[in-house]
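Enquirer: Pasting my_file-v7.txt below, which is compact mmCIF, C-alpha atoms and all ligand atoms.
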# COMPACT_ATOMS: atom_id res chain seq x y z
CA MET C 65 -161.01 58.00 23.07
CA PRO C 66 -162.66 56.80 26.32
CA GLY C 67 -160.89 57.93 29.49
CA PHE C 68 -158.36 59.97 27.48
CA LYS C 69 -157.37 63.17 29.30
CA SER C 70 -155.76 65.78 27.11
CA ALA C 71 -154.35 69.23 27.85
CA VAL C 72 -152.69 72.10 26.04
CA VAL C 73 -150.46 74.36 28.13
CA THR C 74 -148.92 77.58 26.81
CA GLY C 75 -145.82 78.91 28.56
CA SER C 76 -144.88 75.33 29.40
CA ALA C 77 -141.10 75.80 29.59
CA SER C 78 -140.85 77.63 32.89
CA GLY C 79 -142.46 78.57 36.18
CA ILE C 80 -146.20 78.02 36.59
CA GLY C 81 -146.64 76.51 33.11
CA GLN C 82 -143.89 73.96 33.61
CA ALA C 83 -145.30 73.00 37.01
CA ALA C 84 -148.80 72.80 35.51
CA CYS C 85 -147.51 70.31 32.91
CA ALA C 86 -145.94 68.16 35.64
CA GLY C 87 -149.15 68.31 37.71
CA LEU C 88 -151.33 67.41 34.74
CA LEU C 89 -149.12 64.49 33.72
CA LYS C 90 -149.35 63.23 37.31
CA ALA C 91 -153.13 63.59 37.10
CA GLY C 92 -153.17 61.35 33.99
CA TYR C 93 -153.31 63.93 31.18
CA HIS C 94 -151.50 63.81 27.87
CA VAL C 95 -149.98 67.29 27.55
CA LEU C 96 -149.14 69.39 24.51
CA GLY C 97 -146.82 72.14 25.72
CA ILE C 98 -146.27 75.33 23.74
CA ASP C 99 -143.49 77.80 24.48
CA ARG C 100 -140.98 79.95 22.62
CA ASN C 101 -138.31 77.97 24.47
CA THR C 102 -137.67 74.24 24.40
CA ALA C 103 -138.87 72.11 27.30
CA GLU C 104 -138.89 68.52 28.40
CA GLN C 105 -140.84 66.49 30.92
CA ALA C 106 -139.72 63.00 31.97
CA ASP C 107 -142.89 61.49 30.55
CA GLU C 108 -143.65 60.27 27.04
CA ARG C 109 -147.15 61.70 27.28
CA TYR C 110 -145.58 65.17 27.02
CA GLU C 111 -145.19 66.68 23.56
CA HIS C 112 -143.58 70.07 23.06
CA VAL C 113 -143.93 72.65 20.32
CA VAL C 114 -141.52 75.58 20.16
CA LEU C 115 -143.62 78.54 19.13
CA ASP C 116 -143.92 82.22 19.86
CA VAL C 117 -147.57 82.66 20.83
CA THR C 118 -147.70 86.02 19.06
CA ASP C 119 -147.58 84.02 15.81
CA THR C 120 -151.32 83.60 16.07
CA ASP C 121 -151.86 81.80 12.75
CA GLU C 122 -149.36 79.14 13.79
CA LEU C 123 -150.80 79.00 17.33
CA ALA C 124 -154.26 78.31 15.89
CA ARG C 125 -152.82 75.72 13.50
CA VAL C 126 -150.89 73.87 16.23
CA ILE C 127 -153.93 73.65 18.48
CA GLY C 128 -156.15 72.69 15.55
CA ASP C 129 -153.80 70.00 14.18
CA ARG C 130 -151.63 68.69 17.02
CA PHE C 131 -154.01 68.67 19.97
CA THR C 132 -155.80 65.33 20.25
CA PRO C 133 -158.93 65.77 22.33
CA GLY C 134 -160.42 63.03 24.48
CA ASP C 135 -162.93 62.73 27.30
CA ASP C 136 -161.36 65.41 29.51
CA ASN C 137 -159.97 68.37 27.65
CA LEU C 138 -158.15 71.31 29.11
CA LEU C 139 -156.42 74.48 27.95
CA VAL C 140 -154.15 76.28 30.42
CA THR C 141 -152.75 79.61 29.23
CA CYS C 142 -149.58 80.55 31.09
CA ALA C 143 -147.39 82.21 28.46
CA GLY C 144 -146.78 85.69 29.72
CA GLN C 145 -144.42 88.59 30.08
CA ARG C 146 -144.45 91.83 31.97
CA GLU C 147 -142.62 95.12 31.77
CA ILE C 148 -141.30 97.11 34.69
CA CYS C 149 -141.11 100.76 33.68
CA HIS C 150 -143.04 103.93 34.28
CA THR C 151 -145.91 104.64 31.89
CA ARG C 152 -143.99 107.67 30.60
CA GLU C 153 -141.23 105.36 29.34
CA LEU C 154 -143.47 102.57 28.02
CA THR C 155 -143.13 102.45 24.24
CA HIS C 156 -146.14 101.79 22.03
CA ALA C 157 -144.36 98.74 20.63
CA ARG C 158 -143.76 97.19 24.05
CA PHE C 159 -147.35 97.94 25.13
CA ARG C 160 -148.67 96.16 22.03
CA GLU C 161 -146.24 93.26 22.49
CA ILE C 162 -147.33 92.61 26.08
CA LEU C 163 -150.99 92.66 25.03
CA ASP C 164 -150.24 90.31 22.12
CA ILE C 165 -148.49 87.82 24.39
CA ASN C 166 -150.72 88.03 27.46
CA THR C 167 -154.13 88.62 25.93
CA THR C 168 -154.39 88.11 22.17
CA SER C 169 -152.71 84.70 22.43
CA VAL C 170 -155.24 83.71 25.10
CA PHE C 171 -158.07 84.66 22.75
CA VAL C 172 -156.58 82.74 19.81
CA ALA C 173 -155.65 79.66 21.86
CA SER C 174 -159.08 79.59 23.51
CA GLN C 175 -160.99 80.02 20.26
CA SER C 176 -158.94 77.33 18.49
CA PHE C 177 -159.29 74.96 21.44
CA CYS C 178 -163.06 75.45 21.63
CA GLU C 179 -163.55 75.06 17.89
CA ARG C 180 -161.47 71.87 17.92
CA LEU C 181 -163.77 70.46 20.62
CA ILE C 182 -166.93 71.55 18.86
CA SER C 183 -165.81 69.79 15.67
CA GLU C 184 -165.97 66.50 17.59
CA SER C 185 -168.89 67.41 19.92
CA LEU C 186 -166.62 67.20 22.96
CA SER C 187 -166.63 69.21 26.18
CA GLY C 188 -163.71 70.95 27.86
CA ASN C 189 -162.25 73.51 30.18
CA ILE C 190 -160.16 76.63 29.89
CA VAL C 191 -158.09 77.92 32.79
CA ASN C 192 -156.34 81.22 32.12
CA VAL C 193 -153.48 82.22 34.36
CA ALA C 194 -154.37 85.87 34.92
CA SER C 195 -153.06 87.73 37.97
CA VAL C 196 -154.07 89.95 40.86
CA SER C 197 -152.88 92.56 38.34
CA GLY C 198 -156.15 91.79 36.54
CA PHE C 199 -157.97 93.48 39.42
CA LEU C 200 -155.61 96.10 40.82
CA GLY C 201 -153.34 98.78 39.48
CA GLU C 202 -149.63 98.49 40.25
CA PRO C 203 -146.76 100.94 39.76
CA ASN C 204 -144.69 100.52 36.57
CA ARG C 205 -146.75 97.73 35.02
CA THR C 206 -149.26 99.51 32.78
CA ALA C 207 -149.21 97.06 29.87
CA TYR C 208 -149.18 94.04 32.15
CA VAL C 209 -152.07 95.30 34.30
CA THR C 210 -154.07 96.19 31.18
CA SER C 211 -153.44 92.76 29.65
CA LYS C 212 -154.45 90.89 32.79
CA HIS C 213 -157.66 92.94 33.21
CA ALA C 214 -158.44 92.01 29.60
CA THR C 215 -157.71 88.34 30.29
CA ILE C 216 -160.30 88.32 33.07
CA GLY C 217 -162.81 89.81 30.61
CA LEU C 218 -161.91 87.24 27.96
CA THR C 219 -162.42 84.45 30.48
CA LYS C 220 -165.95 85.67 31.15
CA GLN C 221 -166.70 86.02 27.43
CA PHE C 222 -165.60 82.47 26.70
CA ALA C 223 -167.69 81.26 29.63
CA VAL C 224 -170.69 83.08 28.12
CA ASP C 225 -170.27 82.15 24.45
CA TYR C 226 -169.14 78.54 24.83
CA ALA C 227 -171.35 77.38 27.72
CA GLN C 228 -173.81 76.04 25.14
CA PHE C 229 -170.99 73.81 23.86
CA SER C 230 -170.18 72.45 27.35
CA VAL C 231 -166.99 74.42 27.76
CA ARG C 232 -166.27 76.05 31.11
CA ALA C 233 -163.81 78.96 31.31
CA ASN C 234 -162.22 80.18 34.51
CA ALA C 235 -159.10 82.04 35.57
CA VAL C 236 -156.66 81.91 38.42
CA ALA C 237 -155.22 85.13 39.79
CA PRO C 238 -151.88 84.45 41.44
CA GLY C 239 -150.27 87.01 43.71
CA VAL C 240 -146.48 86.85 43.96
CA ILE C 241 -145.30 83.35 43.11
CA ARG C 242 -141.61 82.51 43.12
CA THR C 243 -140.68 81.77 39.48
CA PRO C 244 -138.02 83.02 37.04
CA MET C 245 -140.37 85.96 36.34
CA THR C 246 -140.22 87.14 39.95
CA GLU C 247 -136.83 85.75 40.99
CA GLU C 248 -135.22 89.20 41.11
CA TYR C 249 -137.62 90.19 43.94
CA PHE C 250 -136.03 87.59 46.18
CA SER C 251 -132.55 89.10 46.11
CA ASP C 252 -133.95 92.20 47.84
CA SER C 253 -134.88 91.61 51.50
CA ASP C 254 -136.92 94.84 51.67
CA GLN C 255 -138.99 93.66 48.72
CA VAL C 256 -139.55 90.25 50.30
CA ALA C 257 -140.65 91.93 53.56
CA ARG C 258 -143.03 94.17 51.55
CA ILE C 259 -144.51 91.16 49.77
CA GLN C 260 -145.05 89.29 53.02
CA ARG C 261 -146.52 92.36 54.73
CA GLY C 262 -149.03 92.67 51.89
CA GLN C 263 -150.29 89.11 52.29
CA LEU C 264 -152.45 87.61 55.04
CA VAL C 265 -150.57 84.29 54.79
CA PRO C 266 -146.88 84.74 55.64
CA ASN C 267 -145.25 82.19 53.33
CA ILE C 268 -144.12 82.89 49.76
CA GLY C 269 -146.40 81.66 46.99
CA GLU C 270 -145.16 78.56 45.15
CA VAL C 271 -146.00 77.26 41.69
CA ASP C 272 -147.81 74.26 43.13
CA ASP C 273 -150.21 76.56 44.99
CA VAL C 274 -151.36 77.73 41.55
CA VAL C 275 -151.28 74.26 39.99
CA ARG C 276 -153.65 72.90 42.65
CA ALA C 277 -156.16 75.67 41.83
CA ILE C 278 -155.84 74.88 38.11
CA LEU C 279 -156.45 71.18 38.76
CA PHE C 280 -159.51 71.98 40.85
CA LEU C 281 -161.02 74.21 38.14
CA ALA C 282 -160.37 71.51 35.51
CA ASP C 283 -162.03 68.81 37.58
CA GLN C 284 -165.63 67.60 37.47
CA ASP C 285 -165.81 68.72 41.12
CA ALA C 286 -165.87 72.25 39.70
CA LYS C 287 -168.68 71.50 37.23
CA PHE C 288 -170.78 74.41 38.57
CA VAL C 289 -167.87 76.88 38.35
CA THR C 290 -167.52 78.97 35.20
CA GLY C 291 -166.68 82.57 34.40
CA SER C 292 -164.99 82.90 37.75
CA THR C 293 -161.53 83.75 39.01
CA VAL C 294 -159.82 81.99 41.89
CA PHE C 295 -157.31 84.15 43.74
CA VAL C 296 -154.14 82.36 44.78
CA ASP C 297 -152.46 85.29 46.49
CA GLY C 298 -152.18 84.60 50.21
CA GLY C 299 -155.00 87.11 50.72
CA TRP C 300 -153.02 89.96 49.14
CA SER C 301 -156.00 91.35 47.22
CA ALA C 302 -158.41 90.86 50.13
CA ALA C 303 -157.16 93.59 52.43
CA LYS C 304 -155.12 96.78 52.64
CA ASP C 305 -152.70 97.70 55.36
CA LEU C 306 -153.64 100.85 57.32
N1 LIG N 401 -144.89 84.52 39.06
C1 LIG N 401 -145.85 85.32 39.50
O1 LIG N 401 -145.74 85.93 40.60
C2 LIG N 401 -147.12 85.50 38.72
C3 LIG N 401 -148.17 86.18 39.34
C4 LIG N 401 -149.34 86.38 38.63
C5 LIG N 401 -149.48 85.89 37.35
N2 LIG N 401 -148.44 85.25 36.76
C6 LIG N 401 -148.64 84.80 35.40
O2 LIG N 401 -148.33 83.44 35.30
C7 LIG N 401 -147.90 83.14 33.97
C8 LIG N 401 -146.61 82.36 34.05
O3 LIG N 401 -145.62 83.19 34.66
P1 LIG N 401 -144.34 82.60 35.42
O4 LIG N 401 -144.22 83.35 36.68
O5 LIG N 401 -144.42 81.14 35.43
O6 LIG N 401 -143.22 83.18 34.45
P2 LIG N 401 -142.02 82.48 33.69
O7 LIG N 401 -141.27 83.60 33.10
O8 LIG N 401 -141.33 81.52 34.58
O9 LIG N 401 -142.76 81.64 32.54
C9 LIG N 401 -143.37 82.27 31.45
C10 LIG N 401 -143.25 81.34 30.25
O10 LIG N 401 -143.92 81.98 29.16
C11 LIG N 401 -143.09 81.84 28.01
N3 LIG N 401 -143.33 82.92 27.07
C12 LIG N 401 -143.16 84.25 27.26
N4 LIG N 401 -143.41 84.91 26.14
C13 LIG N 401 -143.75 83.99 25.20
C14 LIG N 401 -144.11 84.05 23.84
N5 LIG N 401 -144.17 85.23 23.19
N6 LIG N 401 -144.40 82.91 23.19
C15 LIG N 401 -144.31 81.72 23.82
N7 LIG N 401 -143.97 81.59 25.10
C16 LIG N 401 -143.69 82.71 25.79
C17 LIG N 401 -141.66 81.89 28.54
O11 LIG N 401 -140.73 81.34 27.63
C18 LIG N 401 -141.80 81.10 29.83
O12 LIG N 401 -141.56 79.73 29.61
C19 LIG N 401 -147.76 84.48 33.26
O13 LIG N 401 -148.90 84.72 32.46
C20 LIG N 401 -147.71 85.47 34.40
O14 LIG N 401 -148.20 86.73 34.02
C21 LIG N 401 -147.25 85.04 37.41
Starting from the file, give its structure as structure tokens.
Ligand SMILES: NC(=O)c1ccc[n+]([C@@H]2O[C@H](COP(=O)([O-])OP(=O)(O)OC[C@H]3O[C@@H](n4cnc5c(N)ncnc54)[C@H](O)[C@@H]3O)[C@@H](O)[C@H]2O)c1
Expert:
Amino acid sequence: MPGFKSAVVTGSASGIGQAACAGLLKAGYHVLGIDRNTAEQADERYEHVVLDVTDTDELARVIGDRFTPGDDNLLVTCAGQREICHTRELTHARFREILDINTTSVFVASQSFCERLISESLSGNIVNVASVSGFLGEPNRTAYVTSKHATIGLTKQFAVDYAQFSVRANAVAPGVIRTPMTEEYFSDSDQVARIQRGQLVPNIGEVDDVVRAILFLADQDAKFVTGSTVFVDGGWSAAKDL
């Protein structure tokens, strides 16, 4: 379909994913949102599927059957969870669950998306929402940090294997962004001060800071950018306090 812009967004019911859907609709995309929770956008170009992304057969089927590709095609993977507990207390089941949600679903969604494009000889883009936790260790987040390191690796692998099919794959690595996932931080003034001290930019990260990076990576302006990660962290990962 000429001029048809089409996106799939996982984790579309909240936080960064929800804001990404709004930003993509504004940019002219049709959006297929996938989340375990229901979601709405005040736009008829938004379609929602309630699905747990750990149901990988169904995830592959939904992307294969319900995503209608066009001229500009985009996958944004936002569905994610994290634990906060010491490694000693982290159960094997919870470790596996976090990896299933944060990493395996990214693999399955990306593979299904790419294969859907290849079947129609179309090009596209993947933007994975990773994290600074894909580059640094953090206390009490062993499964999360592992999953986000893996997501950065997956991003590079998709960039490598699908370049020949005109698919670019990149990631964004947010620092602390105020969303339901991080909301509890903001009821603790010491924690807020610690977050701000760790950044080079004093303000608190907002979902639209991440959405703008996603839109840039999806755009033709970024046609020479693949396999890379854009940090959206106020400089948090760039320096250490002494
Ligand atoms: N907020 C931050 O500071 C921050 C920083 C770095 C990276 N991230 C990443 O950004 C992404 C979005 O996080 P957010 O802050 O917007 O969190 P959020 O909790 O607001 O949104 C996460 C969404 O993922 C969905 N989800 C979770 N598990 C799912 C499952 N099994 N199946 C389907 N949907 C599922 C939730 O229902 C929710 O809508 C996550 O991958 C997170 O790791 C967030």
Enquirer: Smallest atom-to-atom distance to ligand LIG 401 (chain N): which of C:Thr206, C:Ser70, C:Ser169, C:Thr246, using only C-alpha atoms and all ligand atoms?
Expert: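 Under the stated criterion, the closest residue is C:Thr246.
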Enquirer: Write as a ChimeraX atom specification the residues around ligand LIG 401 (chain N), taking 7 Å as the cut-off and counting all atoms listed in the file.
Expert: /C:74-81,98-101,115-118,142-146,165-166,193-196,237-246
Enquirer: Report as a list in words all protein, DNA and RNA residues lying within 8 Å of C:Asn192, evaluated on only C-alpha atoms, omitting residues in the same chain fewer than 5 positions from it.
Expert: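 In the requested format, the answer is Leu139, Val140, Thr141, Cys142, Val170, Thr215, Thr219, Ala233, Asn234, Ala235 and Val236 of chain C.
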Enquirer: With all atoms listed in the file counted, which protein, DNA or RNA residues have an atom no more than 12 Å from (-155.3, 71.1, 14.9) in the file frame? Please answer as a VMD selection string.
Expert: chain C and resid 72 96 121 to 133 173 175 to 181 183 to 184
Enquirer: Restricting the calculation to all atoms listed in the file, which member of C:Phe159, C:Phe288, C:Tyr110, C:Phe68 is positioned closest to C:Ala227?
Expert: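 Of C:Phe159, C:Phe288, C:Tyr110, C:Phe68, the one nearest C:Ala227, counting all atoms listed in the file, is C:Phe288.
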Enquirer: Which one of C:Gln82, C:Thr151, C:Gln105, C:Asn189 sits closest to C:Arg205 if you count all atoms listed in the file?
Expert: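 Smallest distance to C:Arg205 is found for C:Thr151.
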Enquirer: Interatomic distance between atom CA of C:Leu88 and atom CA of C:Leu279?
Expert: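 Result for atom CA of C:Leu88 versus atom CA of C:Leu279: 7.5 Å, one decimal.
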Enquirer: Measure the distance from atom CA of C:Ala106 to atom CA of C:His94 in Å and round it to one decimal.
Expert: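 For atom CA of C:Ala106 relative to atom CA of C:His94, the distance reads 12.5 Å.
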Enquirer: Report as a PDB file with C-alpha atoms, keeping the file's coordinate frame all protein, DNA and RNA residues lying within 8 Å of C:Val275, evaluated on all atoms listed in the file, omitting residues in the same chain fewer than 2 positions from it.
Expert:
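Output saved as selection-v3.pdb:
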ATOM      1  CA  ILE C  80    -146.200  78.020  36.590  1.00  0.00           C
ATOM      2  CA  ALA C  83    -145.300  73.000  37.010  1.00  0.00           C
ATOM      3  CA  ALA C  84    -148.800  72.800  35.510  1.00  0.00           C
ATOM      4  CA  GLY C  87    -149.150  68.310  37.710  1.00  0.00           C
ATOM      5  CA  VAL C 271    -146.000  77.260  41.690  1.00  0.00           C
ATOM      6  CA  ASP C 272    -147.810  74.260  43.130  1.00  0.00           C
ATOM      7  CA  ASP C 273    -150.210  76.560  44.990  1.00  0.00           C
ATOM      8  CA  ALA C 277    -156.160  75.670  41.830  1.00  0.00           C
ATOM      9  CA  ILE C 278    -155.840  74.880  38.110  1.00  0.00           C
ATOM     10  CA  LEU C 279    -156.450  71.180  38.760  1.00  0.00           C
TER      11      LEU C 279
END
Enquirer: Give me, please, the distance in Å between atom CA of C:Ser211 and atom CA of C:Gln260, quoted to one decimal.
Expert: 25.1 Å
Enquirer: Which of these, C:Asp107, C:Glu153, C:Asp136, C:Glu270, has the shortest distance to C:Val296 once you count all atoms listed in the file?
Expert: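 Checking each of C:Asp107, C:Glu153, C:Asp136, C:Glu270 against C:Val296, counting all atoms listed in the file, the winner is C:Glu270.
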Enquirer: Calculated over only C-alpha atoms, which of the candidates C:Phe295, C:Lys287, C:Asp305, C:Leu163 has the smallest distance to C:Arg258?
Expert: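 For C:Arg258, the nearest of the candidates is C:Asp305.
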Enquirer: C:Phe280, C:Thr290, C:Trp300, C:Gly92: which is nearest C:Asn267, counting all atoms listed in the file?
Expert: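 Checking each of C:Phe280, C:Thr290, C:Trp300, C:Gly92 against C:Asn267, counting all atoms listed in the file, the winner is C:Trp300.
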Enquirer: Have stretch 238-254 of chain C completed to N, CA and C atoms, please, and pass it along as a short mmCIF file (atom, residue, chain, number, x, y, z; two decimals), in the frame of the given file.
Expert:
data_model
loop_
_atom_site.label_atom_id
_atom_site.label_comp_id
_atom_site.auth_asym_id
_atom_site.auth_seq_id
_atom_site.Cartn_x
_atom_site.Cartn_y
_atom_site.Cartn_z
N PRO C 238 -152.95 84.57 40.45
CA PRO C 238 -151.88 84.45 41.44
C PRO C 238 -151.44 85.83 41.94
N GLY C 239 -150.98 85.83 43.19
CA GLY C 239 -150.27 87.01 43.71
C GLY C 239 -148.81 86.83 43.34
N VAL C 240 -147.90 87.06 44.28
CA VAL C 240 -146.48 86.85 43.96
C VAL C 240 -146.15 85.38 44.17
N ILE C 241 -145.71 84.76 43.10
CA ILE C 241 -145.30 83.35 43.11
C ILE C 241 -143.83 83.31 42.71
N ARG C 242 -143.05 82.54 43.44
CA ARG C 242 -141.61 82.51 43.12
C ARG C 242 -141.35 81.70 41.85
N THR C 243 -140.99 82.39 40.79
CA THR C 243 -140.68 81.77 39.48
C THR C 243 -139.55 82.60 38.85
N PRO C 244 -139.03 82.18 37.71
CA PRO C 244 -138.02 83.02 37.04
C PRO C 244 -138.52 84.46 36.79
N MET C 245 -139.85 84.62 36.58
CA MET C 245 -140.37 85.96 36.34
C MET C 245 -140.18 86.89 37.53
N THR C 246 -140.25 86.32 38.73
CA THR C 246 -140.22 87.14 39.95
C THR C 246 -138.92 86.96 40.74
N GLU C 247 -138.02 86.14 40.21
CA GLU C 247 -136.83 85.75 40.99
C GLU C 247 -136.06 86.97 41.50
N GLU C 248 -136.00 88.02 40.69
CA GLU C 248 -135.22 89.20 41.11
C GLU C 248 -135.77 89.80 42.42
N TYR C 249 -137.07 89.63 42.69
CA TYR C 249 -137.62 90.19 43.94
C TYR C 249 -136.89 89.60 45.15
N PHE C 250 -136.47 88.33 45.00
CA PHE C 250 -136.03 87.59 46.18
C PHE C 250 -134.56 87.85 46.53
N SER C 251 -133.90 88.69 45.73
CA SER C 251 -132.55 89.10 46.11
C SER C 251 -132.59 90.42 46.89
N ASP C 252 -133.79 90.92 47.15
CA ASP C 252 -133.95 92.20 47.84
C ASP C 252 -134.80 91.95 49.09
N SER C 253 -134.17 91.97 50.26
CA SER C 253 -134.88 91.61 51.50
C SER C 253 -136.02 92.59 51.82
N ASP C 254 -135.84 93.87 51.43
CA ASP C 254 -136.92 94.84 51.67
C ASP C 254 -138.15 94.47 50.83
#
